[in-house]
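Note: the block below is entry05.csv and it holds CSV, C-alpha atoms.
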chain,number,residue,atom,x,y,z
A,51,MET,CA,-50.3,-6.2,51.1
A,52,ALA,CA,-48.2,-7.7,48.2
A,53,ASN,CA,-46.9,-5.4,45.5
A,54,VAL,CA,-48.9,-5.7,42.3
A,55,ASP,CA,-46.9,-7.6,39.6
A,56,ARG,CA,-47.4,-5.1,36.8
A,57,PRO,CA,-44.2,-4.3,35.0
A,58,PHE,CA,-44.1,-1.2,32.9
A,59,GLY,CA,-40.5,-0.9,31.7
A,60,LEU,CA,-38.7,2.3,32.6
A,61,ARG,CA,-40.7,5.4,33.3
A,62,PRO,CA,-39.0,8.8,33.3
A,63,ILE,CA,-40.1,10.8,36.4
A,64,LYS,CA,-37.6,13.5,37.2
A,65,HIS,CA,-34.2,15.0,36.5
A,66,LEU,CA,-31.1,14.8,38.8
A,67,LYS,CA,-31.6,18.6,39.4
A,68,GLY,CA,-34.8,17.6,41.1
A,69,GLY,CA,-37.4,19.1,38.7
A,70,PRO,CA,-40.1,16.8,37.3
A,71,TRP,CA,-39.2,15.2,33.9
A,72,ASN,CA,-39.7,17.9,31.3
A,73,GLY,CA,-41.2,15.5,28.7
A,74,GLN,CA,-38.5,16.2,26.1
A,75,THR,CA,-37.4,13.5,23.8
A,76,GLN,CA,-35.6,12.8,20.6
A,77,LEU,CA,-37.6,11.5,17.6
A,78,CYS,CA,-36.0,8.2,16.5
A,79,TYR,CA,-36.9,5.6,13.9
A,80,ILE,CA,-37.3,1.9,14.1
A,81,PRO,CA,-36.9,0.5,10.6
A,82,SER,CA,-39.1,-2.3,9.2
A,83,THR,CA,-35.9,-4.4,8.8
A,84,ASP,CA,-35.6,-4.6,12.6
A,85,SER,CA,-36.9,-8.1,13.4
A,86,THR,CA,-35.8,-8.1,17.1
A,87,ARG,CA,-39.4,-8.0,18.4
A,88,ALA,CA,-42.3,-5.6,19.0
A,89,PHE,CA,-41.3,-2.4,20.8
A,90,PHE,CA,-43.2,-1.0,23.7
A,91,ILE,CA,-43.4,2.2,25.8
A,92,GLY,CA,-40.7,1.9,28.5
A,93,ASP,CA,-38.3,-0.3,26.5
A,94,PRO,CA,-34.6,0.6,26.7
A,95,VAL,CA,-33.0,1.1,23.3
A,96,VAL,CA,-29.6,1.6,21.7
A,97,ARG,CA,-28.5,3.4,18.6
A,98,GLY,CA,-29.0,1.4,15.4
A,99,GLY,CA,-26.0,3.0,13.6
A,100,THR,CA,-27.9,4.8,10.9
A,101,ALA,CA,-31.0,7.1,10.5
A,102,ASN,CA,-34.2,7.5,8.5
A,103,SER,CA,-34.0,8.7,4.9
A,104,THR,CA,-33.6,12.4,5.9
A,105,GLY,CA,-31.0,11.7,8.5
A,106,PHE,CA,-32.9,13.7,11.1
A,107,CYS,CA,-34.0,10.7,13.1
A,108,PRO,CA,-31.5,8.1,14.3
A,109,THR,CA,-32.4,4.5,14.1
A,110,VAL,CA,-32.7,2.6,17.4
A,111,THR,CA,-33.1,-1.0,18.4
A,112,ILE,CA,-33.8,-2.9,21.7
A,113,ALA,CA,-30.9,-2.7,24.2
A,114,THR,CA,-29.3,-5.8,25.4
A,115,ALA,CA,-29.9,-6.8,29.0
A,116,GLY,CA,-27.0,-7.4,31.2
A,117,ASP,CA,-23.6,-6.3,32.4
A,118,ALA,CA,-21.7,-3.6,30.4
A,119,ASN,CA,-24.5,-3.2,27.8
A,120,PRO,CA,-25.1,0.5,27.3
A,121,ILE,CA,-28.5,2.2,26.8
A,122,TYR,CA,-29.2,5.2,24.6
A,123,GLY,CA,-32.6,6.1,26.0
A,124,ILE,CA,-36.1,4.9,26.8
A,125,ILE,CA,-39.1,4.9,24.5
A,126,THR,CA,-41.8,7.2,25.9
A,127,GLY,CA,-44.2,7.0,23.0
A,128,PHE,CA,-44.8,6.5,19.3
A,129,ALA,CA,-45.6,8.8,16.5
A,130,GLU,CA,-49.1,8.2,15.0
A,131,ASN,CA,-49.5,5.5,12.5
A,132,PRO,CA,-52.4,6.6,10.2
A,133,GLU,CA,-53.0,3.0,9.2
A,134,LEU,CA,-53.3,1.7,12.8
A,135,LEU,CA,-54.5,4.6,14.8
A,136,GLY,CA,-55.1,2.7,18.0
A,137,LEU,CA,-51.8,0.9,18.0
A,138,THR,CA,-49.8,2.0,21.1
A,139,TYR,CA,-46.7,-0.1,20.3
A,140,ARG,CA,-44.5,-1.0,17.3
A,141,LEU,CA,-45.3,-4.2,15.6
A,142,ASP,CA,-42.4,-6.4,14.7
A,143,ASP,CA,-41.0,-5.9,11.2
A,144,THR,CA,-42.8,-2.6,10.7
A,145,GLY,CA,-41.2,0.8,10.5
A,146,ARG,CA,-42.3,3.3,13.1
A,147,TYR,CA,-41.1,6.6,14.6
A,148,CYS,CA,-40.8,6.7,18.4
A,149,PHE,CA,-39.9,9.3,21.0
A,150,VAL,CA,-36.9,8.5,23.1
A,151,CYS,CA,-35.8,10.1,26.4
A,152,ILE,CA,-32.0,10.3,25.9
A,153,ASP,CA,-31.1,12.6,28.8
A,154,PRO,CA,-28.5,10.7,30.9
A,155,ASP,CA,-29.5,12.7,33.9
A,156,VAL,CA,-33.1,11.6,34.0
A,157,ILE,CA,-34.3,9.3,36.9
A,158,PHE,CA,-36.6,6.4,35.9
A,159,GLU,CA,-38.9,4.1,37.8
A,160,ILE,CA,-38.8,0.4,37.2
A,161,GLN,CA,-40.4,-2.6,38.9
A,162,ASP,CA,-38.1,-5.5,40.1
A,163,ASP,CA,-38.9,-9.0,38.8
A,164,GLY,CA,-39.5,-10.4,42.3
A,165,VAL,CA,-37.0,-13.2,42.0
A,166,ALA,CA,-35.4,-11.9,45.2
A,167,VAL,CA,-36.5,-9.4,47.8
A,168,LEU,CA,-34.2,-6.4,47.4
A,169,GLY,CA,-35.1,-4.5,50.6
A,170,ILE,CA,-33.6,-1.2,51.7
A,171,THR,CA,-30.0,-2.4,51.5
A,172,SER,CA,-30.1,-2.4,47.8
A,173,VAL,CA,-30.5,1.4,47.7
A,174,GLY,CA,-27.2,2.7,46.3
A,175,ARG,CA,-26.3,-0.5,44.5
A,176,ASN,CA,-26.2,-1.5,40.8
A,177,ALA,CA,-28.5,-3.7,38.8
A,178,ASN,CA,-29.3,-4.8,35.3
A,179,PHE,CA,-32.6,-5.1,33.5
A,180,ILE,CA,-34.2,-8.3,32.4
A,181,ALA,CA,-36.7,-9.1,29.7
A,182,THR,CA,-38.6,-12.0,31.1
A,183,HIS,CA,-42.0,-10.8,29.9
A,184,ALA,CA,-43.2,-9.4,26.6
A,185,GLY,CA,-44.8,-6.0,26.5
A,186,SER,CA,-48.6,-5.5,26.6
A,187,ALA,CA,-50.4,-5.3,23.3
A,188,ILE,CA,-53.3,-3.8,25.3
A,189,THR,CA,-51.6,-1.0,27.2
A,190,GLY,CA,-48.6,-0.7,25.0
A,191,LYS,CA,-46.3,-0.8,28.0
A,192,SER,CA,-43.0,-2.7,28.2
A,193,GLY,CA,-42.5,-5.9,30.2
A,194,ILE,CA,-38.9,-4.9,31.1
A,195,GLU,CA,-38.0,-5.3,34.8
A,196,LEU,CA,-35.1,-4.8,37.1
A,197,ASP,CA,-33.2,-8.0,37.6
A,198,SER,CA,-33.4,-8.5,41.3
A,199,SER,CA,-31.2,-11.6,41.4
A,200,GLY,CA,-27.9,-9.9,40.7
A,201,VAL,CA,-28.0,-6.6,42.6
A,202,THR,CA,-24.5,-5.6,43.7
A,203,ASP,CA,-21.9,-2.9,43.6
A,204,ASP,CA,-20.6,-3.2,40.0
A,205,ALA,CA,-20.2,-0.1,37.9
A,206,SER,CA,-20.5,-2.1,34.7
A,207,PHE,CA,-24.1,-2.8,35.5
A,208,GLN,CA,-26.8,-0.9,33.7
A,209,PHE,CA,-28.5,1.0,36.6
A,210,LEU,CA,-27.7,2.7,39.9
A,211,ILE,CA,-30.6,2.3,42.4
A,212,LEU,CA,-31.2,5.7,43.9
A,213,ALA,CA,-34.2,4.9,46.1
A,214,ALA,CA,-37.5,3.0,46.3
A,215,GLY,CA,-40.3,4.4,44.2
A,216,GLY,CA,-42.3,7.0,46.0
A,217,ASP,CA,-45.8,5.5,45.4
A,218,VAL,CA,-47.5,5.1,48.8
A,219,THR,CA,-48.5,1.5,48.0
A,220,ASN,CA,-45.0,0.5,47.1
A,221,ASP,CA,-43.7,-1.9,49.9
A,222,VAL,CA,-39.9,-2.0,49.6
A,223,THR,CA,-39.6,-5.0,52.0
A,224,LEU,CA,-41.4,-7.2,49.5
A,225,ALA,CA,-40.8,-8.6,46.1
A,226,ARG,CA,-41.8,-6.5,43.0
A,227,SER,CA,-41.1,-3.1,44.5
A,228,THR,CA,-40.6,-0.2,42.2
A,229,TRP,CA,-37.3,1.6,42.2
A,230,GLU,CA,-35.9,4.9,41.1
A,231,VAL,CA,-32.8,4.3,39.0
A,232,LEU,CA,-30.3,6.3,37.0
A,233,ILE,CA,-28.9,4.7,33.8
A,234,SER,CA,-25.3,3.9,34.7
A,235,GLN,CA,-24.1,2.5,31.3
A,236,HIS,CA,-25.4,5.3,29.0
A,237,GLN,CA,-24.3,5.8,25.3
A,238,LEU,CA,-24.1,9.6,26.0
A,239,ARG,CA,-21.6,9.1,28.8
A,240,LEU,CA,-18.0,7.9,28.6
A,241,ALA,CA,-17.6,4.5,27.0
A,242,ALA,CA,-15.5,2.6,29.4
A,243,THR,CA,-16.7,-1.0,30.0
A,244,ASP,CA,-16.7,-0.7,33.8
A,245,GLY,CA,-16.8,3.1,33.9
A,246,GLY,CA,-20.4,3.4,34.9
A,247,LEU,CA,-21.7,4.8,38.2
A,248,LEU,CA,-20.3,2.6,40.9
A,249,GLY,CA,-22.9,1.7,43.5
A,250,THR,CA,-22.6,1.7,47.2
B,695,MET,CA,-30.3,21.0,-4.6
B,696,ALA,CA,-26.8,21.2,-3.2
B,697,ASN,CA,-26.3,22.3,0.4
B,698,VAL,CA,-24.8,25.8,0.7
B,699,ASP,CA,-21.1,25.6,1.6
B,700,LYS,CA,-21.1,28.1,4.4
B,701,PRO,CA,-19.4,26.9,7.6
B,702,PHE,CA,-20.2,28.6,10.8
B,703,GLY,CA,-18.3,26.6,13.4
B,704,LEU,CA,-20.3,25.1,16.2
B,705,ARG,CA,-23.6,26.6,17.1
B,706,PRO,CA,-25.3,25.6,20.4
B,707,VAL,CA,-28.9,24.7,19.8
B,708,LYS,CA,-30.3,22.6,22.7
B,709,HIS,CA,-29.5,20.6,25.8
B,710,LEU,CA,-29.5,16.8,26.2
B,711,ASN,CA,-32.6,17.3,28.3
B,712,GLY,CA,-34.4,18.4,25.2
B,713,LEU,CA,-34.8,22.1,26.0
B,714,PRO,CA,-33.5,24.9,23.8
B,715,TRP,CA,-30.0,26.1,24.7
B,716,ASN,CA,-30.4,28.5,27.6
B,717,GLY,CA,-27.8,31.0,26.4
B,718,GLN,CA,-25.6,30.6,29.4
B,719,THR,CA,-21.9,30.9,29.0
B,720,GLN,CA,-18.7,31.5,31.0
B,721,LYS,CA,-16.9,34.7,30.3
B,722,CYS,CA,-13.3,33.9,29.3
B,723,TYR,CA,-10.3,35.9,28.3
B,724,ILE,CA,-8.1,35.6,25.1
B,725,PRO,CA,-4.7,37.2,25.9
B,726,TYR,CA,-3.0,39.1,23.1
B,727,THR,CA,-0.1,36.6,23.5
B,728,ALA,CA,-2.3,33.9,22.0
B,729,SER,CA,-1.5,35.2,18.5
B,730,VAL,CA,-4.6,33.7,17.0
B,731,ARG,CA,-7.8,35.0,15.5
B,732,VAL,CA,-10.9,33.8,17.2
B,733,HIS,CA,-14.4,33.8,15.8
B,734,ILE,CA,-17.9,33.0,17.0
B,735,GLY,CA,-18.3,29.3,16.7
B,736,ASP,CA,-14.7,28.4,17.3
B,737,ALA,CA,-14.0,25.5,19.6
B,738,VAL,CA,-11.5,26.5,22.4
B,739,ILE,CA,-9.5,25.0,25.2
B,740,ARG,CA,-8.4,26.4,28.5
B,741,GLY,CA,-5.2,28.4,28.3
B,742,GLY,CA,-3.9,27.5,31.7
B,743,THR,CA,-4.2,30.9,33.4
B,744,ALA,CA,-6.7,33.7,33.7
B,745,ASP,CA,-7.0,37.5,33.4
B,746,ALA,CA,-5.5,39.7,36.1
B,747,SER,CA,-8.6,39.3,38.3
B,748,GLY,CA,-8.4,35.5,38.1
B,749,ILE,CA,-12.2,35.5,37.5
B,750,TYR,CA,-12.0,34.8,33.7
B,751,PRO,CA,-9.9,31.8,32.5
B,752,THR,CA,-7.8,32.2,29.4
B,753,VAL,CA,-8.8,30.2,26.3
B,754,THR,CA,-7.3,29.6,23.0
B,755,VAL,CA,-8.4,27.9,19.8
B,756,ALA,CA,-8.6,24.1,20.3
B,757,THR,CA,-6.4,21.7,18.4
B,758,MET,CA,-8.4,19.8,15.8
B,759,GLY,CA,-8.1,16.0,15.6
B,760,ASP,CA,-8.1,12.8,17.4
B,761,ALA,CA,-8.0,12.9,21.2
B,762,ALA,CA,-7.8,16.7,21.3
B,763,GLN,CA,-10.1,18.0,24.0
B,764,ILE,CA,-12.5,20.9,23.8
B,765,TYR,CA,-13.4,23.2,26.7
B,766,GLY,CA,-16.3,25.0,24.9
B,767,VAL,CA,-17.4,27.1,22.0
B,768,VAL,CA,-17.2,30.8,21.6
B,769,THR,CA,-20.7,32.3,21.3
B,770,GLY,CA,-19.9,36.0,21.5
B,771,PHE,CA,-17.4,38.7,22.5
B,772,GLU,CA,-17.4,41.5,25.0
B,773,VAL,CA,-17.7,44.9,23.3
B,774,ASP,CA,-14.2,46.3,22.6
B,775,SER,CA,-14.3,50.1,22.7
B,776,SER,CA,-11.4,50.2,20.2
B,777,TYR,CA,-13.3,48.1,17.7
B,778,MET,CA,-17.0,48.8,18.3
B,779,ASN,CA,-18.3,46.8,15.3
B,780,GLN,CA,-15.8,44.0,15.3
B,781,THR,CA,-17.4,40.7,16.0
B,782,TYR,CA,-14.3,38.7,16.2
B,783,GLN,CA,-10.9,38.8,18.0
B,784,SER,CA,-8.0,40.0,16.0
B,785,ASP,CA,-4.6,38.4,16.2
B,786,ASP,CA,-2.3,39.7,18.9
B,787,THR,CA,-5.1,41.6,20.7
B,788,SER,CA,-6.7,40.7,24.0
B,789,ARG,CA,-10.5,40.3,24.3
B,790,TYR,CA,-13.1,38.8,26.5
B,791,CYS,CA,-15.4,36.3,25.0
B,792,TYR,CA,-18.4,34.2,26.1
B,793,VAL,CA,-17.9,30.4,25.9
B,794,CYS,CA,-20.6,27.7,26.1
B,795,ILE,CA,-18.9,25.2,28.4
B,796,ASP,CA,-21.8,22.8,29.1
B,797,PRO,CA,-20.8,19.3,28.1
B,798,ASP,CA,-24.4,18.4,27.6
B,799,VAL,CA,-25.2,21.0,25.0
B,800,ILE,CA,-25.9,19.8,21.5
B,801,PHE,CA,-24.3,21.8,18.7
B,802,GLN,CA,-24.9,22.2,14.9
B,803,ILE,CA,-22.0,22.1,12.6
B,804,GLN,CA,-21.6,21.8,8.8
B,805,ASP,CA,-19.4,19.1,7.3
B,806,ASP,CA,-16.5,20.2,5.1
B,807,GLY,CA,-17.7,18.2,2.1
B,808,ALA,CA,-14.5,16.2,1.7
B,809,ALA,CA,-16.8,13.2,1.6
B,810,VAL,CA,-20.5,12.5,1.6
B,811,ILE,CA,-21.3,11.3,5.2
B,812,GLY,CA,-24.9,10.2,4.5
B,813,ILE,CA,-27.3,8.8,7.0
B,814,ALA,CA,-24.9,6.0,7.9
B,815,GLY,CA,-22.9,8.7,9.7
B,816,VAL,CA,-25.5,9.1,12.3
B,817,GLY,CA,-24.2,7.7,15.6
B,818,LEU,CA,-20.5,7.8,14.5
B,819,ASN,CA,-17.7,10.0,15.7
B,820,ALA,CA,-15.9,12.8,13.9
B,821,ASN,CA,-13.3,15.5,14.4
B,822,VAL,CA,-13.3,19.2,13.8
B,823,VAL,CA,-11.3,20.7,10.9
B,824,GLN,CA,-10.4,24.3,10.1
B,825,ASP,CA,-12.2,24.4,6.8
B,826,ILE,CA,-11.5,28.1,6.2
B,827,ALA,CA,-8.4,29.6,7.6
B,828,SER,CA,-9.2,32.0,10.5
B,829,THR,CA,-7.4,34.8,8.6
B,830,ALA,CA,-9.5,34.2,5.5
B,831,VAL,CA,-12.9,34.3,7.2
B,832,THR,CA,-15.0,37.1,5.9
B,833,ASN,CA,-18.3,38.8,6.8
B,834,PRO,CA,-20.2,37.8,8.9
B,835,PHE,CA,-17.0,36.6,10.5
B,836,LEU,CA,-18.3,33.3,11.9
B,837,SER,CA,-15.9,30.5,12.5
B,838,GLY,CA,-14.4,28.6,9.6
B,839,GLN,CA,-14.4,25.3,11.5
B,840,ALA,CA,-16.3,22.4,10.2
B,841,LEU,CA,-16.9,18.7,10.8
B,842,ARG,CA,-14.3,16.6,9.0
B,843,ALA,CA,-16.3,14.4,6.7
B,844,ASP,CA,-13.6,12.1,5.3
B,845,THR,CA,-12.7,10.3,8.6
B,846,VAL,CA,-16.1,9.7,10.2
B,847,ALA,CA,-15.9,6.4,12.2
B,848,GLY,CA,-16.9,4.7,15.4
B,849,ASN,CA,-13.9,6.0,17.4
B,850,ALA,CA,-14.4,7.3,20.9
B,851,SER,CA,-11.2,9.3,20.8
B,852,PHE,CA,-12.7,11.6,18.1
B,853,GLN,CA,-13.9,15.0,19.2
B,854,LEU,CA,-17.6,14.8,18.3
B,855,LEU,CA,-20.5,12.3,18.4
B,856,ILE,CA,-23.0,12.8,15.5
B,857,LEU,CA,-26.5,12.5,16.9
B,858,ASN,CA,-28.5,13.2,13.7
B,859,ALA,CA,-28.7,15.5,10.7
B,860,ALA,CA,-29.9,18.9,11.7
B,861,PRO,CA,-33.7,19.2,11.1
B,862,ILE,CA,-33.3,22.4,9.1
B,863,GLU,CA,-35.5,22.8,6.0
B,864,GLY,CA,-33.2,22.4,2.9
B,865,ASN,CA,-30.5,20.4,4.8
B,866,ASP,CA,-29.9,17.4,2.7
B,867,ALA,CA,-28.0,14.7,4.7
B,868,THR,CA,-27.4,12.6,1.6
B,869,ILE,CA,-25.0,15.0,0.0
B,870,ALA,CA,-21.9,17.0,0.9
B,871,HIS,CA,-21.9,20.0,3.2
B,872,ALA,CA,-24.8,18.8,5.3
B,873,VAL,CA,-25.4,20.3,8.8
B,874,TRP,CA,-25.2,17.9,11.7
B,875,GLU,CA,-26.2,17.9,15.4
B,876,VAL,CA,-23.3,16.8,17.5
B,877,LEU,CA,-22.3,16.4,21.1
B,878,ILE,CA,-18.7,17.1,22.2
B,879,SER,CA,-17.2,13.7,22.9
B,880,GLN,CA,-13.7,14.8,24.1
B,881,HIS,CA,-14.7,17.5,26.6
B,882,GLN,CA,-12.4,19.1,29.2
B,883,LEU,CA,-15.2,19.0,31.7
B,884,ARG,CA,-15.6,15.2,31.5
B,885,THR,CA,-13.2,12.5,32.7
B,886,PHE,CA,-10.2,12.4,30.4
B,887,VAL,CA,-9.3,9.0,29.0
B,888,THR,CA,-7.9,9.2,25.6
B,889,THR,CA,-10.1,6.6,24.0
B,890,PHE,CA,-13.0,6.9,26.3
B,891,GLY,CA,-15.1,9.6,24.7
B,892,LEU,CA,-18.6,8.8,23.5
B,893,LEU,CA,-18.2,5.8,21.3
B,894,GLY,CA,-20.2,5.9,18.1
B,895,THR,CA,-22.0,2.9,16.6
Before anything else, please render the file you have as structure tokens.
Amino acid sequence: MANVDRPFGLRPIKHLKGGPWNGQTQLCYIPSTDSTRAFFIGDPVVRGGTANSTGFCPTVTIATAGDANPIYGIITGFAENPELLGLTYRLDDTGRYCFVCIDPDVIFEIQDDGVAVLGITSVGRNANFIATHAGSAITGKSGIELDSSGVTDDASFQFLILAAGGDVTNDVTLARSTWEVLISQHQLRLAATDGGLLGT
Amino acid sequence: MANVDKPFGLRPVKHLNGLPWNGQTQKCYIPYTASVRVHIGDAVIRGGTADASGIYPTVTVATMGDAAQIYGVVTGFEVDSSYMNQTYQSDDTSRYCYVCIDPDVIFQIQDDGAAVIGIAGVGLNANVVQDIASTAVTNPFLSGQALRADTVAGNASFQLLILNAAPIEGNDATIAHAVWEVLISQHQLRTFVTTFGLLGT
């Protein structure tokens, strides 16, 4: 049975130590001046270079997809917006606080984009993310996917594929599988262009 | 209201995984030959040898400035029967200390007030500076080290990465002597490439 084409961005599931993800995040701020696009749960972000007015919450913006572009963390949720209580994402051009998983040792799940069938030989290789789809204004989930067309051994890529996702319905021999990945180009690890986690 | 100018060195507060600091340290040894005074909160580096048992590596106060690595931060001292109430290590005396060596621990540190960093400093790099000479530190004998405020920049060879202002009530990040949460960028337990610390943006 084909895998369901339902991207959700990056979803933290566990730590490298093996324990389930502890749910801890850093409170960050997306300023209203950020006109990149709407932000969704599961979107990868980078530091924006400043903070909110108190300095307690660093600003973040959407990470760039592709080779050698680092990632600071993944949005796991948003602080309540009293004016739009049901809004589960951040509207473009509005300020909003978000929760970001910044631990470089967290393993994430991500669905591949189905352009190529990765198969089991992609385990241990590197990949980038791709932003073909917008996020969902209904579920609030990101449309970010793993770029299946360029999976190879290249430490400057953004992810290291550790394994296929453990869901019993996930068929790794077909397109649109889910994968467990570690962020290879992380802003809280050493900043060498090709100094990520080399696959193979 | 002005921030209180009261440096305390580096204070471990939590891990990158978000949990509070677990209090775990490595017991290290400061030999009397080091001829320095060490306080709780001081950044230290490995001394290149160990005590007589070989179990406890020697450490000495870290050099402050660009590309100077840090091994960890002193969080306490073994009781010394000769100086029961002394909470620091005197010059020319040997003492065991506890050092937080985890490269993924986030520390709080006060800036030295030489410039106002402001919120634009979040995400940038900085160095450590000896704001109060170790011999001039007084009760409660915490470190006189601080974050050097006048050279904050996006430079991966600097010693610290500023993550955010410390969320402490009364801490005003828009004026001098603010307290910041930082990660050690040039750490002796990470791969050493002079300019490849954690690059700030």
Report task. With a distance cut-off of 8 Å and all atoms listed in the file, select the neighbouring residues of A:Ala52, excluding the residue or stretch itself and same-chain residues fewer than 6 positions from it, and output the selection as a list in words. Result -> Asp221, Leu224 and Ala225 of chain A
Given only C-alpha atoms, how would the per-residue table for stretch 789-891 of chain B near stretch 737-761 of chain B read, listing every residue at most 10 Å away with its closest atom pair and distance in Å to one decimal, sorted by chain and number, as a tab-separated table?
residue	atom	partner	partner_atom	distance
B:Arg789	CA	B:Thr752	CA	9.9
B:Tyr790	CA	B:Tyr750	CA	8.3
B:Cys791	CA	B:Val753	CA	9.1
B:Tyr792	CA	B:Tyr750	CA	10.0
B:Val793	CA	B:Val738	CA	8.3
B:Cys794	CA	B:Ala737	CA	9.5
B:Ile795	CA	B:Val738	CA	9.6
B:Ala820	CA	B:Asp760	CA	8.5
B:Asn821	CA	B:Gly759	CA	5.4
B:Val822	CA	B:Met758	CA	5.3
B:Val823	CA	B:Met758	CA	5.8
B:Gln824	CA	B:Met758	CA	7.5
B:Ser837	CA	B:Ala737	CA	8.9
B:Gln839	CA	B:Ala737	CA	8.1
B:Leu841	CA	B:Met758	CA	9.9
B:Arg842	CA	B:Gly759	CA	9.1
B:Asn849	CA	B:Asp760	CA	8.9
B:Ala850	CA	B:Ala761	CA	8.5
B:Ser851	CA	B:Ala761	CA	4.8
B:Phe852	CA	B:Asp760	CA	4.8
B:Gln853	CA	B:Asp760	CA	6.5
B:Leu854	CA	B:Asp760	CA	9.7
B:Ile878	CA	B:Ala737	CA	10.0
B:Ser879	CA	B:Ala761	CA	9.4
B:Gln880	CA	B:Ala761	CA	6.7
B:His881	CA	B:Ile739	CA	9.2
B:Gln882	CA	B:Ile739	CA	7.7
B:Phe886	CA	B:Ala761	CA	9.5
B:Val887	CA	B:Ala761	CA	8.8
B:Thr888	CA	B:Ala761	CA	5.7
B:Thr889	CA	B:Ala761	CA	7.2
B:Phe890	CA	B:Ala761	CA	9.3
B:Gly891	CA	B:Ala761	CA	8.6
Select, as a PDB file with C-alpha atoms, in the coordinates of the input, those residues of chain A with any atom no more than 7 Å from chain B (distances computed using all atoms listed in the file).
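And here is the file that came out, out_38.pdb:
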ATOM      1  CA  GLN A  74     -38.500  16.200  26.100  1.00  0.00           C
ATOM      2  CA  THR A  75     -37.400  13.500  23.800  1.00  0.00           C
ATOM      3  CA  ARG A  97     -28.500   3.400  18.600  1.00  0.00           C
ATOM      4  CA  GLY A  99     -26.000   3.000  13.600  1.00  0.00           C
ATOM      5  CA  THR A 100     -27.900   4.800  10.900  1.00  0.00           C
ATOM      6  CA  ALA A 101     -31.000   7.100  10.500  1.00  0.00           C
ATOM      7  CA  THR A 104     -33.600  12.400   5.900  1.00  0.00           C
ATOM      8  CA  GLY A 105     -31.000  11.700   8.500  1.00  0.00           C
ATOM      9  CA  PHE A 106     -32.900  13.700  11.100  1.00  0.00           C
ATOM     10  CA  CYS A 107     -34.000  10.700  13.100  1.00  0.00           C
ATOM     11  CA  PRO A 108     -31.500   8.100  14.300  1.00  0.00           C
ATOM     12  CA  ILE A 152     -32.000  10.300  25.900  1.00  0.00           C
ATOM     13  CA  ASP A 153     -31.100  12.600  28.800  1.00  0.00           C
ATOM     14  CA  GLN A 237     -24.300   5.800  25.300  1.00  0.00           C
ATOM     15  CA  LEU A 238     -24.100   9.600  26.000  1.00  0.00           C
ATOM     16  CA  ARG A 239     -21.600   9.100  28.800  1.00  0.00           C
ATOM     17  CA  LEU A 240     -18.000   7.900  28.600  1.00  0.00           C
ATOM     18  CA  ALA A 241     -17.600   4.500  27.000  1.00  0.00           C
ATOM     19  CA  ALA A 242     -15.500   2.600  29.400  1.00  0.00           C
TER      20      ALA A 242
END
Query raised in the report: Pick the closest to A:Gly200 from A:Leu66, A:Val167, A:Ile124, A:Ala177: which is it, counting only C-alpha atoms?
Result: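 For A:Gly200, the nearest of the given residues is A:Ala177.
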Requested in this report: Excluding A:Asn178 and residues on its chain fewer than 5 positions from it, collect all residues at most 9 Å away from it, counting all atoms listed in the file, and give them as an MDAnalysis selection string.
Outcome: chainID A and resid 115:117 195:198 200:201 207:210
**Report entry** Close residues, A:Asp55 itself excluded, 9 Å, all atoms listed in the file, min 4 positions apart in chain, as a list in words
**Finding:**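 Within the cut-off, the hits are Gln161, Asp163, Gly164, Ala225, Arg226 and Ser227 of chain A.
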Requested in this report: Extract, using only C-alpha atoms, all DNA, RNA and protein residues at most 10 Å from B:Asp786, discarding same-chain residues fewer than 4 positions from it, and format them as a VMD selection string.
Outcome: chain B and resid 724 to 731
Query - Residue with smallest distance to B:Ala830 - pool B:Val799, B:Phe771, B:Gln804, B:His733, counting only C-alpha atoms - result: B:His733
So that I can see what lies close to A:Tyr79, please list as a PDB file with C-alpha atoms, keeping the file's coordinate frame the residues with an atom at most 10 Å from it, counting all atoms listed in the file and leaving out residues fewer than 4 positions away in the same chain.
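Result written to result15.pdb:
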ATOM      1  CA  ARG A  97     -28.500   3.400  18.600  1.00  0.00           C
ATOM      2  CA  GLY A  98     -29.000   1.400  15.400  1.00  0.00           C
ATOM      3  CA  THR A 100     -27.900   4.800  10.900  1.00  0.00           C
ATOM      4  CA  ALA A 101     -31.000   7.100  10.500  1.00  0.00           C
ATOM      5  CA  ASN A 102     -34.200   7.500   8.500  1.00  0.00           C
ATOM      6  CA  SER A 103     -34.000   8.700   4.900  1.00  0.00           C
ATOM      7  CA  PHE A 106     -32.900  13.700  11.100  1.00  0.00           C
ATOM      8  CA  CYS A 107     -34.000  10.700  13.100  1.00  0.00           C
ATOM      9  CA  PRO A 108     -31.500   8.100  14.300  1.00  0.00           C
ATOM     10  CA  THR A 109     -32.400   4.500  14.100  1.00  0.00           C
ATOM     11  CA  VAL A 110     -32.700   2.600  17.400  1.00  0.00           C
ATOM     12  CA  THR A 111     -33.100  -1.000  18.400  1.00  0.00           C
ATOM     13  CA  PHE A 128     -44.800   6.500  19.300  1.00  0.00           C
ATOM     14  CA  ALA A 129     -45.600   8.800  16.500  1.00  0.00           C
ATOM     15  CA  GLY A 145     -41.200   0.800  10.500  1.00  0.00           C
ATOM     16  CA  ARG A 146     -42.300   3.300  13.100  1.00  0.00           C
ATOM     17  CA  TYR A 147     -41.100   6.600  14.600  1.00  0.00           C
ATOM     18  CA  CYS A 148     -40.800   6.700  18.400  1.00  0.00           C
ATOM     19  CA  PHE A 149     -39.900   9.300  21.000  1.00  0.00           C
ATOM     20  CA  VAL A 150     -36.900   8.500  23.100  1.00  0.00           C
TER      21      VAL A 150
END
**Report entry** Pairwise distance for atom CA of A:Thr182 and atom CA of A:Asp93, rounded to one decimal in Å
**Finding:**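 Separation of atom CA of A:Thr182 and atom CA of A:Asp93: 12.6 Å.
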